[in-house]
Amino acid sequence: MVTDTPTGEETPFEPALGPDTLAELESLAALYPEARSALLPMLHLVQSVQGRVTSEGIATCAEILGLSDAEVSAVATFYTMYKRKPMGTHHVGVCTNTLCAIMGGDEIFDRLCSRLEIGNDETTEDGQITLERVECNAACDFAPVMMVNWEFFDHQTPESAVEVVERLRAGEPVQATRGAHITSWREAERVLAGFEDGLVDEGPTAAGPSLAGLAIARERGWSAPSYETDAGTGRAGESKAEAEAEADTQRAESETVAEESPADTKGGKGDD
Ligand code: FES
């Protein structure tokens with residue numbers, strides 16, 4: 001496994017930040033009324049070029065934004081998506097937060113550790129895969145979830161997860177279950193910096209379980225409360241709190257009716 005932090009010397013895998021990258025970093029800083037607001041995408045851009053947040057990257061961002069190296073470093077070491085150690089070609093994140101863990105996330109992670117012969121936050125000897133336990137990715141309805149370069153792989157099993165990493169290591173095409181085909185962690189970092197790769201519409205996004213609530217709401221006539229005041233409706237001056245209270249009452253009434261209907265008394269998954 002690869003765990004050492006390199007010396008900081010320029011290598012083919014960690015090139016210096018060239019004029020094109022410097023121009024892009026400057027362009028990000030110019031997007032915001034307060035330049036320092038650009039720090040997060042700038043750090044992603046550094047990672048897309050150098051494979052991690054290097055000391056050079058920290059100093060460069062600091063200089064462009066008029067911050068101290070310590071301020072930039074504090075941000076780069078606070079958020080887990082910023083890496084100080086060199087990353088593999090692909091980042092594989094297994095969600096082992098509560099729901100995914102009990103649905104099999106821990107088993108997936110253990111199986112990958114054993115197959116790849118690495119532990120958490122380590123990279124395979126061939127430099128292909130960096131494995132990490134990750135927190136909830138807001139995809140609990142597809143648990144257990146694995147992320148590859150932040151693309152979703154839903155409803156994983158230890159076997160399907162191993163198949164994905166083996167295909168990645170072999171350089172074979174891999175398609176996310178919700179999202180685009182897999183490129184590389186560095187390319188994904190460039191997208192996170194705000195530079196589109198043209199793949200935003202590739203693959204399904206919202207699907208199945210995520211849309212179930214919407215279908216139920218439509219079926220039962222639920223809608224989000226409107227906060228607009230409209231003299232024509234006689235509800236002028238209605239406050240947000242009043243609108244929410246009314247919506248809650250309507251929802252509760254609707255639920256009571258639904259619970260009392262014979263069609264809903266069976267309940268359970270098999271009735272979906
Ligand atoms: S707990 Fe895994 S996506 Fe939420």
# chains A, B, ... in the order shown; residues from 1 in each chain; ligands from 1
>>> closest_atom_pairs(of="chain A", to="ligand 1", cutoff="9 Å", atoms="only C-alpha atoms and all ligand atoms", output="tab-separated table")
residue	atom	partner	partner_atom_place_in_ligand_line	distance
A:Val94	CA	ligand 1	2 (Fe)	8.2
A:Cys95	CA	ligand 1	2 (Fe)	4.8
A:Thr96	CA	ligand 1	2 (Fe)	6.3
A:Asn97	CA	ligand 1	1 (S)	4.5
A:Thr98	CA	ligand 1	1 (S)	5.3
A:Leu99	CA	ligand 1	1 (S)	4.3
A:Cys100	CA	ligand 1	2 (Fe)	4.2
A:Ala101	CA	ligand 1	1 (S)	7.1
A:Ile102	CA	ligand 1	1 (S)	9.0
A:Met103	CA	ligand 1	2 (Fe)	8.9
A:Gly105	CA	ligand 1	2 (Fe)	7.8
A:Val134	CA	ligand 1	2 (Fe)	8.3
A:Glu135	CA	ligand 1	2 (Fe)	6.7
A:Cys136	CA	ligand 1	4 (Fe)	3.8
A:Asn137	CA	ligand 1	3 (S)	4.2
A:Ala138	CA	ligand 1	3 (S)	4.7
A:Ala139	CA	ligand 1	3 (S)	3.9
A:Cys140	CA	ligand 1	4 (Fe)	3.7
A:Asp141	CA	ligand 1	3 (S)	7.3
A:Phe142	CA	ligand 1	3 (S)	7.2
A:Ala143	CA	ligand 1	2 (Fe)	5.7
A:Pro144	CA	ligand 1	2 (Fe)	6.0
A:Val145	CA	ligand 1	2 (Fe)	5.7
A:Met146	CA	ligand 1	2 (Fe)	8.2
>>> residues_around(residues="A:Val174", least_positions_apart="2", cutoff="10 Å", atoms="only C-alpha atoms", output="PyMOL selection string")
chain A and resi 148+163-165+167-168+171-172+176-177+180-183
>>> select_by_dssp(residues="stretch 82-230 of chain A", states="alpha helix (DSSP H)", output="PyMOL selection string")
chain A and resi 98-100+106-116+158-169+185-192+208-220
>>> closest_atom_pairs(of="stretch 110-197 of chain A", to="stretch 17-35 of chain A", cutoff="12 Å", atoms="only C-alpha atoms", output="CSV")
residue,atom,partner,partner_atom,distance
A:Arg190,CA,A:Glu24,CA,10.7
A:Leu192,CA,A:Leu28,CA,12.0
A:Ala193,CA,A:Leu28,CA,8.4
A:Gly194,CA,A:Leu28,CA,8.4
A:Phe195,CA,A:Glu24,CA,9.5
>>> closest_residue(among="A:Leu131, A:Ala70, A:Met87, A:Leu40", to="A:Arg52", atoms="only C-alpha atoms")
A:Met87
>>> atom_distance(atom1="atom CA of A:Met42", atom2="atom CA of A:Gly66")
13.5 Å
>>> atom_distance(atom1="atom CA of A:Glu202", atom2="atom CA of A:Glu151")
11.4 Å
>>> atom_distance(atom1="atom CA of A:Asp126", atom2="atom CA of A:Gly88")
8.4 Å
>>> closest_residue(among="A:Gly127, A:Ala16, A:Ala38, A:Phe78", to="A:Ser55", atoms="only C-alpha atoms")
A:Ala16
>>> closest_residue(among="A:Pro86, A:Arg115, A:Glu159, A:Pro173", to="A:Thr130", atoms="only C-alpha atoms")
A:Pro86
